[in-house]
Structures are given as structure tokens and as C-alpha cells.
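Engineer: Please find upload_20.txt (compact mmCIF, C-alpha atoms and all ligand atoms) on the next line:
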```
# COMPACT_ATOMS: atom_id res chain seq x y z
CA MET S 243 64.56 32.57 20.82
CA THR S 244 61.25 32.64 22.64
CA GLU S 245 60.38 29.98 25.19
CA HIS S 246 56.81 29.77 24.16
CA VAL S 247 54.60 30.67 21.31
CA GLY S 248 53.36 34.11 21.95
CA ALA S 249 50.50 36.13 20.68
CA GLY S 250 50.51 36.43 16.91
CA GLN S 251 52.49 33.19 16.39
CA ALA S 252 51.21 29.78 15.30
CA LEU S 253 51.77 26.49 17.03
CA PRO S 254 53.71 23.93 14.98
CA ARG S 255 51.74 21.49 12.84
CA LEU S 256 50.25 18.91 15.15
CA VAL S 257 49.05 15.45 14.18
CA ALA S 258 46.52 13.85 16.47
CA PRO S 259 47.88 10.46 17.52
CA ALA S 260 44.46 8.77 17.76
CA ARG S 261 42.53 8.45 14.52
CA PRO S 262 39.90 5.80 13.74
CA LYS S 263 41.51 3.29 11.39
CA ASN S 264 38.40 2.73 9.21
CA ILE S 265 36.55 5.93 8.62
CA SER S 266 32.91 5.10 8.26
CA VAL S 267 30.99 7.52 6.11
CA LEU S 268 28.10 5.11 5.90
CA THR S 269 24.98 6.79 7.13
CA GLU S 270 21.57 5.24 7.60
CA ASP S 271 20.03 7.97 5.48
CA VAL S 272 22.22 7.16 2.50
CA LEU S 273 21.89 3.40 2.94
CA SER S 274 18.13 3.86 2.99
CA ALA S 275 18.14 6.14 -0.07
CA VAL S 276 20.31 3.70 -2.03
CA ALA S 277 18.23 0.65 -1.05
CA GLN S 278 14.98 2.46 -1.87
CA ALA S 279 16.41 3.50 -5.25
CA VAL S 280 17.28 -0.15 -5.92
CA ALA S 281 13.71 -1.08 -4.95
CA ASP S 282 12.22 1.53 -7.29
CA LEU S 283 14.50 0.75 -10.23
CA GLY S 284 14.36 -3.06 -9.94
CA ALA S 285 17.83 -4.09 -11.05
CA PRO S 286 19.95 -0.94 -11.48
CA SER S 287 23.68 -0.68 -12.13
CA LYS S 288 25.79 1.59 -9.91
CA ALA S 289 25.71 4.18 -12.74
CA ASP S 290 21.89 4.05 -12.72
CA LEU S 291 21.92 4.63 -8.96
CA VAL S 292 24.27 7.62 -9.29
CA ARG S 293 21.91 9.17 -11.86
CA HIS S 294 18.79 8.38 -9.86
CA THR S 295 19.98 9.52 -6.40
CA GLY S 296 22.28 12.38 -7.45
CA LEU S 297 24.85 11.06 -4.95
CA PRO S 298 28.57 10.93 -5.80
CA ARG S 299 29.74 7.68 -7.40
CA SER S 300 32.07 6.83 -4.50
CA THR S 301 29.22 7.27 -2.02
CA VAL S 302 26.89 5.03 -4.01
CA SER S 303 29.66 2.48 -4.39
CA SER S 304 30.54 2.25 -0.68
CA HIS S 305 26.89 2.00 0.38
CA VAL S 306 26.04 -0.59 -2.27
CA ASP S 307 29.05 -2.61 -1.13
CA TRP S 308 27.92 -2.45 2.50
CA LEU S 309 24.46 -3.65 1.53
CA LEU S 310 25.98 -6.41 -0.64
CA ASN S 311 28.22 -7.54 2.23
CA ARG S 312 25.18 -7.98 4.44
CA ASN S 313 23.32 -9.67 1.59
CA VAL S 314 20.52 -7.11 1.69
CA LEU S 315 21.38 -6.59 -1.98
CA VAL S 316 22.45 -9.31 -4.38
CA ARG S 317 24.33 -9.09 -7.68
CA VAL S 318 22.22 -9.80 -10.72
CA GLU S 319 22.67 -9.57 -14.45
CA GLY S 320 21.59 -6.10 -15.61
CA GLU S 321 19.42 -5.41 -18.61
CA LYS S 322 21.98 -3.18 -20.33
CA ARG S 323 24.91 -4.56 -22.35
CA ILE S 324 28.39 -3.15 -22.06
CA ALA S 325 31.52 -3.75 -24.14
CA ARG S 326 31.57 -7.03 -26.10
CA GLY S 327 27.90 -7.63 -25.30
CA ARG S 328 28.59 -8.52 -21.67
CA PRO S 329 25.60 -7.71 -19.40
CA ALA S 330 26.32 -4.79 -17.06
CA GLU S 331 26.50 -5.79 -13.42
CA ALA S 332 23.41 -4.76 -11.52
CA VAL S 333 22.06 -5.14 -7.99
CA ALA S 334 18.64 -6.08 -6.68
CA LEU S 335 16.97 -6.45 -3.28
CA ASN S 336 17.45 -9.86 -1.69
CA GLY S 337 14.00 -11.28 -0.95
CA HIS S 338 15.40 -13.21 2.04
CA ALA S 339 16.28 -9.97 3.85
CA GLY S 340 12.73 -9.28 5.00
CA TRP S 341 9.09 -10.25 4.72
CA VAL S 342 6.01 -8.06 4.51
CA LEU S 343 2.87 -9.63 5.96
CA ALA S 344 0.26 -7.76 3.94
CA VAL S 345 -3.32 -7.93 5.24
CA GLU S 346 -6.40 -6.55 3.49
CA MET S 347 -9.43 -6.63 5.77
CA GLY S 348 -12.81 -6.60 4.03
CA ALA S 349 -16.20 -6.50 5.71
CA LEU S 350 -16.73 -10.22 5.11
CA LYS S 351 -13.42 -11.59 3.85
CA THR S 352 -9.77 -11.04 4.69
CA THR S 353 -6.88 -11.49 2.27
CA ALA S 354 -3.38 -12.03 3.65
CA ALA S 355 -0.07 -12.60 1.91
CA VAL S 356 3.58 -12.99 2.77
CA VAL S 357 5.60 -10.98 0.25
CA ASP S 358 9.38 -11.04 0.36
CA LEU S 359 11.43 -7.84 0.27
CA ALA S 360 11.98 -8.25 -3.47
CA GLY S 361 8.23 -8.36 -4.12
CA GLU S 362 7.68 -12.09 -4.61
CA VAL S 363 4.41 -13.39 -3.14
CA LEU S 364 5.45 -16.45 -1.16
CA ALA S 365 2.07 -17.39 0.32
CA ARG S 366 -1.40 -15.94 -0.01
CA ARG S 367 -4.92 -16.81 1.12
CA GLN S 368 -8.38 -15.30 1.35
CA ILE S 369 -10.65 -16.46 4.16
CA GLU S 370 -14.17 -15.69 5.37
CA LEU S 371 -13.50 -13.53 8.41
CA PRO S 372 -16.12 -10.86 9.10
CA VAL S 373 -14.86 -7.71 10.81
CA SER S 374 -18.21 -7.39 12.57
CA GLN S 375 -16.93 -9.76 15.29
CA ASP S 376 -15.00 -8.41 18.27
CA PRO S 377 -11.36 -7.44 17.58
CA ASP S 378 -9.90 -10.00 20.02
CA SER S 379 -11.36 -13.04 18.28
CA TYR S 380 -10.78 -11.55 14.83
CA LEU S 381 -7.10 -10.89 15.57
CA GLY S 382 -6.73 -14.39 17.05
CA SER S 383 -7.92 -15.93 13.76
CA LEU S 384 -5.82 -13.49 11.74
CA THR S 385 -2.66 -14.31 13.72
CA ASP S 386 -3.24 -18.04 13.22
CA LEU S 387 -3.61 -17.43 9.49
CA LEU S 388 -0.44 -15.33 9.33
CA HIS S 389 1.58 -17.95 11.20
CA GLU S 390 0.38 -20.61 8.74
CA LEU S 391 1.29 -18.35 5.83
CA THR S 392 4.80 -17.65 7.15
CA GLU S 393 5.36 -21.41 7.41
CA GLU S 394 4.18 -21.84 3.83
CA ALA S 395 6.37 -18.91 2.79
CA ALA S 396 9.45 -20.57 4.31
CA VAL S 397 8.75 -23.66 2.19
CA THR S 398 8.25 -21.59 -1.00
CA ALA S 399 11.38 -19.50 -0.36
CA GLY S 400 13.48 -22.45 0.80
CA ARG S 401 14.29 -20.70 4.07
CA ALA S 402 12.62 -18.72 6.83
CA VAL S 403 13.07 -15.07 7.76
CA PRO S 404 13.12 -14.30 11.53
CA PRO S 405 10.20 -12.24 12.91
CA ALA S 406 12.68 -9.43 13.67
CA ASN S 407 12.77 -8.82 9.91
CA TRP S 408 9.01 -9.02 9.34
CA VAL S 409 6.62 -6.13 9.19
CA ALA S 410 2.83 -6.43 9.14
CA ALA S 411 1.06 -3.94 6.86
CA MET S 412 -2.66 -3.88 7.55
CA ALA S 413 -5.39 -2.26 5.46
CA LEU S 414 -8.55 -1.70 7.54
CA PRO S 415 -12.01 -0.66 6.33
CA ALA S 416 -11.87 2.22 8.81
CA ARG S 417 -10.35 5.62 9.32
CA ILE S 418 -7.12 5.23 11.29
CA ASP S 419 -5.29 7.27 13.88
CA THR S 420 -1.82 6.45 12.54
CA GLU S 421 -0.13 7.76 15.72
CA THR S 422 -1.91 5.43 18.13
CA ARG S 423 -2.64 2.87 15.39
CA THR S 424 -6.30 2.55 16.30
CA PRO S 425 -9.47 2.60 14.16
CA LEU S 426 -11.58 5.73 14.62
CA ARG S 427 -15.37 5.32 14.92
CA PRO S 428 -15.55 2.69 12.19
CA THR S 429 -19.18 2.31 11.09
CA ILE S 430 -18.97 -1.28 9.85
CA MET S 431 -16.88 -2.51 12.81
CA PRO S 432 -18.18 -0.48 15.79
CA THR S 433 -16.59 -2.67 18.51
CA TRP S 434 -13.15 -1.76 17.15
CA ASP S 435 -13.45 1.96 17.99
CA GLY S 436 -10.22 2.95 19.78
CA TYR S 437 -8.99 -0.67 20.02
CA PRO S 438 -5.15 -0.70 19.97
CA VAL S 439 -4.89 -2.90 16.87
CA GLY S 440 -1.27 -2.01 16.11
CA ALA S 441 0.01 -2.91 19.58
CA ALA S 442 -2.13 -6.09 19.70
CA VAL S 443 -0.80 -7.35 16.35
CA GLU S 444 2.78 -6.52 17.34
CA GLU S 445 2.43 -8.50 20.55
CA ARG S 446 0.97 -11.51 18.75
CA LEU S 447 3.44 -11.57 15.83
CA GLY S 448 6.61 -10.11 17.40
CA CYS S 449 7.13 -7.65 14.55
CA PRO S 450 6.13 -4.02 13.86
CA ALA S 451 2.58 -3.48 12.62
CA LEU S 452 1.59 -0.62 10.32
CA LEU S 453 -2.08 0.36 10.03
CA GLU S 454 -3.67 2.28 7.22
CA ASN S 455 -7.12 2.89 5.80
CA ASP S 456 -7.86 0.33 3.07
CA CYS S 457 -8.73 2.92 0.40
CA SER S 458 -5.44 4.72 1.09
CA VAL S 459 -3.53 1.42 0.78
CA ARG S 460 -5.19 0.71 -2.58
CA ALA S 461 -4.42 4.24 -3.79
CA LEU S 462 -0.79 3.72 -2.77
CA GLY S 463 -0.61 0.34 -4.54
CA GLU S 464 -2.04 1.72 -7.78
CA ALA S 465 0.17 4.83 -7.60
CA GLY S 466 3.23 2.63 -7.04
CA PHE S 467 2.31 0.56 -10.09
CA LEU S 468 1.49 3.46 -12.44
CA GLY S 469 4.33 5.77 -11.40
CA PRO S 470 4.64 9.43 -10.34
CA GLU S 471 3.40 10.82 -13.66
CA TYR S 472 -0.12 9.62 -12.73
CA LEU S 473 -0.29 11.69 -9.53
CA PRO S 474 -2.35 13.03 -7.85
CA LEU S 475 -4.37 9.83 -7.75
CA ILE S 476 -7.70 9.10 -6.06
CA SER S 477 -8.86 5.54 -5.47
CA VAL S 478 -12.59 5.08 -4.86
CA GLN S 479 -13.81 1.83 -3.35
CA ILE S 480 -17.38 0.64 -3.88
CA GLY S 481 -17.95 -2.29 -1.55
CA THR S 482 -19.75 -2.76 1.75
CA GLY S 483 -18.88 0.88 2.28
CA VAL S 484 -17.87 3.67 -0.05
CA GLY S 485 -14.59 5.47 0.58
CA ALA S 486 -11.65 7.12 -1.12
CA GLY S 487 -7.89 7.16 -0.73
CA ILE S 488 -5.85 10.09 -2.02
CA VAL S 489 -2.17 10.14 -2.97
CA ASP S 490 -0.95 13.69 -3.60
CA SER S 491 1.43 14.93 -6.27
CA SER S 492 4.47 14.17 -4.07
CA GLY S 493 3.37 10.56 -3.53
CA LEU S 494 2.12 10.96 0.04
CA ILE S 495 -1.21 9.70 1.39
CA ILE S 496 -3.53 12.55 2.37
CA ARG S 497 -4.98 11.64 5.77
CA GLY S 498 -6.08 15.05 6.99
CA ALA S 499 -5.76 16.37 10.54
CA ASN S 500 -7.63 13.46 12.17
CA GLY S 501 -7.43 10.67 9.62
CA ALA S 502 -10.87 11.49 8.26
CA ALA S 503 -9.82 12.65 4.76
CA GLY S 504 -11.33 10.64 1.93
CA ASP S 505 -14.43 9.63 3.87
CA VAL S 506 -16.55 10.36 0.81
CA GLY S 507 -19.24 7.77 1.51
CA HIS S 508 -20.92 10.11 3.96
CA ILE S 509 -21.14 13.15 1.73
CA PRO S 510 -24.84 13.91 1.11
CA TYR S 511 -25.96 12.82 -2.35
CA SER S 512 -28.29 15.25 -4.18
CA ARG S 513 -30.74 12.43 -4.94
CA GLY S 514 -30.09 10.44 -1.75
CA GLY S 515 -33.54 11.21 -0.34
CA ASP S 516 -34.12 9.64 3.06
CA ALA S 517 -32.09 6.46 2.45
CA LEU S 518 -30.71 5.49 5.87
CA CYS S 519 -26.91 5.22 6.03
CA SER S 520 -24.67 3.07 8.27
CA CYS S 521 -23.46 6.33 9.89
CA GLY S 522 -26.97 7.15 11.12
CA SER S 523 -27.55 10.03 8.68
CA ARG S 524 -29.85 9.94 5.67
CA GLY S 525 -29.13 10.43 1.99
CA CYS S 526 -25.36 9.78 2.09
CA VAL S 527 -23.63 8.53 -1.08
CA GLU S 528 -22.95 5.21 0.67
CA ALA S 529 -26.66 4.74 1.45
CA VAL S 530 -27.33 4.69 -2.32
CA ALA S 531 -24.11 3.46 -3.92
CA SER S 532 -22.67 0.72 -1.66
CA VAL S 533 -23.08 -2.97 -2.45
CA PRO S 534 -25.63 -3.51 0.39
CA ALA S 535 -27.59 -0.47 -0.88
CA MET S 536 -27.68 -1.90 -4.41
CA LEU S 537 -28.72 -5.31 -3.05
CA ALA S 538 -31.52 -3.76 -0.99
CA LYS S 539 -32.91 -2.02 -4.08
CA ILE S 540 -32.73 -5.24 -6.11
CA GLU S 541 -34.46 -7.19 -3.35
CA ALA S 542 -37.16 -4.50 -3.09
CA ALA S 543 -37.79 -4.98 -6.83
CA GLY S 544 -38.60 -8.62 -6.08
CA VAL S 545 -35.50 -10.10 -7.75
CA THR S 546 -34.04 -13.18 -6.06
CA CYS S 547 -30.87 -15.13 -6.68
CA SER S 548 -30.67 -18.79 -7.74
CA ASP S 549 -28.00 -19.36 -5.06
CA PRO S 550 -29.30 -18.35 -1.61
CA THR S 551 -25.89 -18.87 0.07
CA LEU S 552 -24.23 -15.91 -1.70
CA ARG S 553 -23.70 -12.58 0.08
CA GLY S 554 -22.24 -9.15 -0.59
CA SER S 555 -20.32 -8.60 -3.83
CA ASP S 556 -20.53 -12.32 -4.75
CA LEU S 557 -24.33 -12.07 -4.66
CA LEU S 558 -24.37 -8.83 -6.67
CA LEU S 559 -22.10 -10.36 -9.34
CA ARG S 560 -24.33 -13.42 -9.66
CA LEU S 561 -27.47 -11.26 -9.89
CA LEU S 562 -25.83 -9.19 -12.62
CA LEU S 563 -25.00 -12.32 -14.61
CA GLU S 564 -28.59 -13.53 -14.20
CA GLY S 565 -29.56 -10.37 -16.04
CA ASP S 566 -32.64 -8.77 -14.43
CA PRO S 567 -33.03 -5.10 -15.50
CA ALA S 568 -33.47 -4.11 -11.84
CA VAL S 569 -29.82 -5.08 -11.27
CA THR S 570 -28.45 -2.82 -14.02
CA GLN S 571 -30.71 -0.04 -12.77
CA ALA S 572 -29.29 -0.33 -9.25
CA ILE S 573 -25.75 -0.25 -10.66
CA ASP S 574 -26.56 2.80 -12.80
CA GLU S 575 -27.92 4.64 -9.76
CA SER S 576 -24.81 3.73 -7.79
CA ALA S 577 -22.58 4.99 -10.64
CA GLU S 578 -24.53 8.27 -10.77
CA ALA S 579 -24.00 8.87 -7.03
CA ILE S 580 -20.31 7.92 -7.20
CA GLY S 581 -19.91 10.16 -10.25
CA GLU S 582 -21.39 13.13 -8.39
CA VAL S 583 -18.95 12.79 -5.49
CA VAL S 584 -15.98 12.09 -7.79
CA ALA S 585 -16.82 15.25 -9.79
CA SER S 586 -16.63 17.27 -6.57
CA LEU S 587 -13.34 15.57 -5.66
CA CYS S 588 -11.98 16.48 -9.10
CA ASN S 589 -12.91 20.12 -8.56
CA VAL S 590 -11.12 20.13 -5.19
CA ILE S 591 -8.07 17.93 -5.83
CA ASN S 592 -7.67 18.02 -9.66
CA PRO S 593 -6.34 14.46 -9.87
CA ARG S 594 -4.67 12.97 -12.92
CA ARG S 595 -6.12 9.54 -12.24
CA VAL S 596 -9.28 8.28 -10.55
CA VAL S 597 -9.23 4.55 -9.90
CA ILE S 598 -12.45 2.68 -9.20
CA THR S 599 -11.99 -0.49 -7.17
CA SER S 600 -15.00 -2.77 -7.04
CA ALA S 601 -15.84 -6.43 -7.49
CA LEU S 602 -17.99 -5.26 -10.42
CA ALA S 603 -14.78 -4.46 -12.35
CA SER S 604 -14.51 -8.15 -13.21
CA VAL S 605 -17.76 -8.19 -15.21
CA GLY S 606 -17.48 -5.31 -17.64
CA HIS S 607 -17.63 -1.54 -17.81
CA GLU S 608 -21.24 -0.91 -16.69
CA LEU S 609 -20.26 0.84 -13.46
CA LEU S 610 -17.21 2.62 -14.90
CA ALA S 611 -19.13 4.06 -17.87
CA GLY S 612 -21.77 5.47 -15.53
CA VAL S 613 -19.20 7.08 -13.25
CA ARG S 614 -17.31 8.59 -16.21
CA SER S 615 -20.37 10.15 -17.75
CA ALA S 616 -21.52 11.63 -14.42
CA VAL S 617 -18.06 13.08 -13.72
CA TYR S 618 -17.54 14.65 -17.15
CA SER S 619 -20.98 16.25 -17.09
CA ARG S 620 -20.46 17.78 -13.64
CA ALA S 621 -16.77 18.60 -13.05
CA ARG S 622 -15.14 21.78 -14.36
CA PRO S 623 -13.45 21.23 -17.75
CA LEU S 624 -10.03 22.27 -16.44
CA ALA S 625 -10.32 19.75 -13.59
CA THR S 626 -10.89 16.89 -16.06
CA LYS S 627 -8.56 18.05 -18.87
CA ASP S 628 -5.94 15.33 -18.30
CA LEU S 629 -8.07 13.07 -16.13
CA VAL S 630 -8.33 9.33 -16.69
CA ILE S 631 -11.03 7.41 -14.82
CA ASP S 632 -10.43 3.68 -14.89
CA TYR S 633 -10.73 0.47 -12.92
CA SER S 634 -7.63 -0.51 -10.98
CA ARG S 635 -4.94 -1.88 -13.29
CA LEU S 636 -3.77 -4.16 -10.48
CA GLY S 637 -7.28 -5.49 -9.90
CA ALA S 638 -7.50 -7.94 -7.00
CA ASP S 639 -3.79 -7.40 -6.21
CA VAL S 640 -4.02 -3.67 -5.53
CA GLY S 641 -4.46 -3.96 -1.73
CA ILE S 642 -1.65 -6.47 -1.30
CA ALA S 643 0.59 -4.35 -3.57
CA GLY S 644 -0.09 -1.26 -1.45
CA GLY S 645 0.62 -3.21 1.74
CA TYR S 646 3.87 -4.52 0.30
CA LEU S 647 4.92 -1.00 -0.64
CA MET S 648 4.17 0.29 2.89
CA GLY S 649 6.06 -2.62 4.43
CA ARG S 650 9.03 -2.33 2.07
CA GLU S 651 9.38 1.40 2.82
CA HIS S 652 9.34 0.58 6.53
CA LEU S 653 12.02 -2.14 6.28
CA LEU S 654 14.27 0.11 4.15
CA GLN S 655 13.81 3.30 6.19
CA PRO S 656 16.89 4.82 7.88
CA SER S 657 15.93 3.58 11.38
CA SER S 658 15.58 -0.06 10.34
CA ILE S 659 17.90 -0.59 7.35
CA LYS S 660 20.93 -1.52 9.49
CA ALA S 661 18.93 -4.28 11.21
CA LEU S 662 18.53 -6.12 7.91
CA ARG S 663 21.00 -8.88 7.26
CA VAL S 664 21.00 -12.28 5.63
CA ALA S 665 23.47 -14.54 7.37
CA ASP S 666 24.68 -16.41 4.29
CA PRO S 667 24.48 -15.38 0.67
CA VAL S 668 22.41 -18.32 -0.59
CA THR S 669 19.60 -16.66 -2.45
CA GLY S 670 17.45 -19.66 -3.00
ZN ZN S 701 -23.43 8.10 5.97
```
Output the structure of this file as C-alpha cells.
Structural biologist:
Amino acid sequence: MTEHVGAGQALPRLVAPARPKNISVLTEDVLSAVAQAVADLGAPSKADLVRHTGLPRSTVSSHVDWLLNRNVLVRVEGEKRIARGRPAEAVALNGHAGWVLAVEMGALKTTAAVVDLAGEVLARRQIELPVSQDPDSYLGSLTDLLHELTEEAAVTAGRAVPPANWVAAMALPARIDTETRTPLRPTIMPTWDGYPVGAAVEERLGCPALLENDCSVRALGEAGFLGPEYLPLISVQIGTGVGAGIVDSSGLIIRGANGAAGDVGHIPYSRGGDALCSCGSRGCVEAVASVPAMLAKIEAAGVTCSDPTLRGSDLLLRLLLEGDPAVTQAIDESAEAIGEVVASLCNVINPRRVVITSALASVGHELLAGVRSAVYSRARPLATKDLVIDYSRLGADVGIAGGYLMGREHLLQPSSIKALRVADPVTG
């Protein structure tokens, strides 16, 4: 008998005396993936989630249960029927778990909404708030508006959500440095150049603030509504400025190296002549195709509006309804310029969908028809083979929808999912 285990011999089987009693295999990554799958699917059963995520059933089950225990998910009646016609049990996001404060900043007007985590709009308002003023006073007015809206939202929802579970998602008419969350040389809001908007909003609201270019937000909203089979998608905005947002085939926003991707308004237009642009150059697409450019042409033709108080898109819409041929001519010229730049974009990106967002969408297909014909006559046939060019299907909601999607992804991401909790299960 040896006194000790020597070389070539094994120690006896040893059982470690200290073992955690409840092994937690819950990871933030999986919680996030499960919650995001619930968000995408609406009201899935556990079987739907297993199919959608490719995760083992036991993993889905434990993570769904954890989210149910914290009331981030709630049980709902599923759409499918199981044995004896009983509805299958399904889960959905609990709206009370978080709020997205979605903000769409236009040149003249700002739209803001409080949307709960489940996608219900609890409060919404559009106010006259020009971005041409200095950022401090603008953000002061915006913060007041958002505080009013969160109070309204608490009434609509029957309960409040603490600021710790809010996220502000802001769409700015500017190119954005998403790292520092500052606008970059914005032509229609020059005093905002380099202003730390993200940090300023966070300080005022006490919640994270996400900043994104408005055209990118609209592209994201439309892509989220249509689904991945419509990607790549390009959203082109014709408003005070002209710009584009691009969502690639994997669903990501293309920002480029410095946030300047999609700045199509300042591409030279072949028939732009010496029209002066807001960027200081001449002959840009925006100098011919934007709403102010169209209005300038109409004014130069001697056409006036019966309502002198109207401005911007509201004025253009009224002029169109009043029916002077100079108005349709200005719109046709705008469509031709937009069509030229969209044709080039199609040759470069080969999108499946081009979405035109414009106030003119509400009054017929004048603009759209012009853009379509210019694109099909200029782009390569292969680049337009499966292309659909249309107005936004979400219309006036597209910016708020994109903001909600950004905010929801933020609240459900691995680094913030565990902070979500609803203290009691009352779901309103
Ligand atoms: Zn320009």
C-alpha cells in the first residue's frame, strides 16, 4: 500500500463542497435575443420563439420565464389554436416596461410622441418649433413638450414609467456623428454644428438619448414596417432639404465613415444651372428640388397664395390645390432632379425599394410619377429589375415608427435588458 498517489495514478473522485445552489444560465445576450424576437413576432408562443431564434427549447423557456417574472413580458392569448380549440399561450412585450420618447425635428415643425415598449402611442403632438433658433432655446422648448407628453402618457396608460426606463430617440435634419452625438455642419441649422445634443437631452430628461439623421430614421421605420424582404431600402425626403437614408440588406443603417452617407441633396444636378444651394454651391439637386426651391420658382412665375400665413410644405400644398400650371411645372422639375439622383443611387446600391417621403404624398401621385419615369429611363435595367418606387406606406407615422424602433432596440439590448422591470403585474 502506497502512502500517496504517485505518478501514473489518479486521485479519488472528489466532489467540490461549495456549489451555487441555483445555477443561472441566464445571459443578457439570450434575454435580449428572446425579447427582441418577441418584439418582432408580436405575440409568439414558446414554440414560435424556438423556431425563430434557433435556441434550445429549455433555454427559450427559462429566459421567457425570467422576463415574465419581471413583467417585461406578459402572457397573452396566441393566434394559433391547439387541442380542443383552446388558444395557444403566447407572450408579448409589456408596454409598461419602458417608454420611447420619439422626436422628429423638421425645419419648421417638430413632432414628438411617447410610445410604450409594446408600440402603443400614448401621447403625441406636433408644434411649430423652427430648428433655425439656437440649440439651447430649442432644447428647452422640446424638453418642456416631452415632459408634458410623459404626463399625458401616464394618464393614457394608467400609470407612469420612471425616467430610468425611458429612452429618447431623436431624428435630426442633419448628418450626425453617432459617437459624440452631435450634428455635423448642418446647413439648415448652422448654430448646431458640433453642439452636444445627446448629452444636453440626457441631462434635461434623465434618460439616454439616441441621435440619428432624420432620413435614416424614416428608412428604418419603413424597413421595419415592410420587413427584410424589401431590403436594401432607400428613403428619399423632399422637404426643406433633400436627403436620403439607406438601410442595407442586413437591416443596418449605412452612415459611412463620417456620417455623411446619403447626403444626396448636394449632388450636382445635370440641369441645376447656377441655382444657389443652402450649402453654398450652385446647381445641387436640393437647389432645384427642395420645397423652398419649388416655392421660389412658383413665386418667380408671379403666382401668389390666397392664404399669406402659410409657409413651407403647407404653402406648396395649398398652391397645388389652387391649380396654377406653374405649380405642377415646379413639381415636375423637382421630380426630374430627384429621379436623376435616385437613378444613380440605384446603380450604386441596387435597392429593392425606394421610398419617397414628402408632404406632397398626401395630394396624389404627381411627384411620384415624375420620379419613377426619370429613374426607369436612366438607371441600368438590372438595377431596377425588382425595384419598387413608392411613397412611404407609413406616411406621417414613418419618423415616429423609426424612432420607436431605435428606442425599442436600445431598451432590449443586452446591456439594458436586465434594468427593465415592472414592479407589479397590472397591465392596465
Ligand atoms: Zn448643395
Engineer: Rank S:Glu528, S:Glu575, S:Glu346, S:Glu331 by their smallest atom-to-atom distance to Ala611 (chain S), using all atoms listed in the file, and report the top residue only.
Structural biologist: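 Under the stated criterion, the closest residue is S:Glu575.
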Engineer: Distance limit 6 Å, reference ligand ZN 701 (chain S), atoms considered: all atoms listed in the file. Which residues make the cut? Give them as a ChimeraX atom specification.
Structural biologist: /S:508,519-521,523,526
Engineer: Need the shell around region 449-459 of chain S: protein/DNA/RNA residues with any atom at most 7 Å away, counting only C-alpha atoms. Skip same-chain ones fewer than 3 positions apart. Format as a VMD selection string?
Structural biologist: chain S and resid 405 to 406 408 to 418 420 423 440 443 to 444 462 to 463 477 to 479 485 to 488 495 641 644 to 645
Engineer: Which residues are close to region 514-516 of chain S, i.e. within 8 Å by only C-alpha atoms, leaving aside same-chain residues fewer than 5 positions away? Reply as a list of chain:residue names.
Structural biologist: S:Arg524, S:Gly525, S:Cys526, S:Val527, S:Ala529, S:Val530
Engineer: In terms of the shortest atom-to-atom distance over all atoms listed in the file, which of S:Leu309, S:Ala285, S:Ala396, S:Met536 is closest to Pro329 (chain S)?
Structural biologist: S:Ala285
Engineer: Could you work out how far CA of Arg650 (chain S) lies from CA of Asn407 (chain S), giving the answer in Å with one decimal?
Structural biologist: 10.8 Å
Engineer: Quote the spacing between CA of Leu291 (chain S) and CA of Ala279 (chain S) in Å to one decimal place.
Structural biologist: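 Taking CA of Leu291 (chain S) as the start and CA of Ala279 (chain S) as the end point, the length is 6.7 Å.
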Engineer: Please provide as a ChimeraX atom specification all residues within 9 Å of region 651-654 of chain S, with the sequence filter that same-chain residues fewer than 5 positions apart are discarded (counting only C-alpha atoms).
Structural biologist: /S:273-275,277-278,340-342,359,407-409,452,646,659-662
Engineer: Give the answer as one residue: which of S:Gly320, S:Gly522, S:Pro474, S:Pro259 has the shortest atom-to-atom distance to Ala289 (chain S), using all atoms listed in the file?
Structural biologist: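 When distances to Ala289 (chain S) are compared using all atoms listed in the file, the smallest one comes from S:Gly320.
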Engineer: Please identify all polymer residues within 9 Å of Val569 (chain S), counting all atoms listed in the file, omitting same-chain residues fewer than 6 positions from it, and present them as a ChimeraX atom specification.
Structural biologist: /S:536-537,539-540,545,558,561-562
Engineer: I'd like to know which of S:Val345, S:Ala503, S:Leu447, S:Val664 is closest to Thr385 (chain S), using only C-alpha atoms.
Structural biologist: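 Among the listed residues, S:Leu447 lies closest to Thr385 (chain S).
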Engineer: Between CA of Glu464 (chain S) and CA of Ala643 (chain S), what distance in Å does the model show, to one decimal?
Structural biologist: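 For CA of Glu464 (chain S) relative to CA of Ala643 (chain S), the distance reads 7.8 Å.
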Engineer: So, with all atoms listed in the file as the atoms that count, which of S:Ile591, S:Asp566, S:Asp505, S:Leu426 lies closest to Ser491 (chain S)?
Structural biologist: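 Counting all atoms listed in the file, the residue closest to Ser491 (chain S) is S:Ile591.
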Engineer: Looking at S:Leu297, S:Leu587, S:Ile642, S:Leu468, which one is nearest to Ala355 (chain S), with distances taken over all atoms listed in the file?
Structural biologist: S:Ile642
Engineer: Report the centre and edge lengths, in Å to one decimal, of an axis-aligned box enclosing every atom of region 589-605 of chain S listed in the file, padded by 4 Å on each side, as AutoDock Vina command-line options.
Structural biologist:
```
--center_x -11.3 --center_y 6.0 --center_z -10.2 --size_x 21.3 --size_y 36.3 --size_z 18.0
```
Engineer: If we count all atoms listed in the file and set the cut-off at 12 Å, which residues sit around Ser287 (chain S), ignoring sequence neighbours fewer than 3 positions away in its own chain? Please answer as a ChimeraX atom specification.
Structural biologist: /S:276,279-280,283-284,290-294,299,302-303,306,315-324,329-334
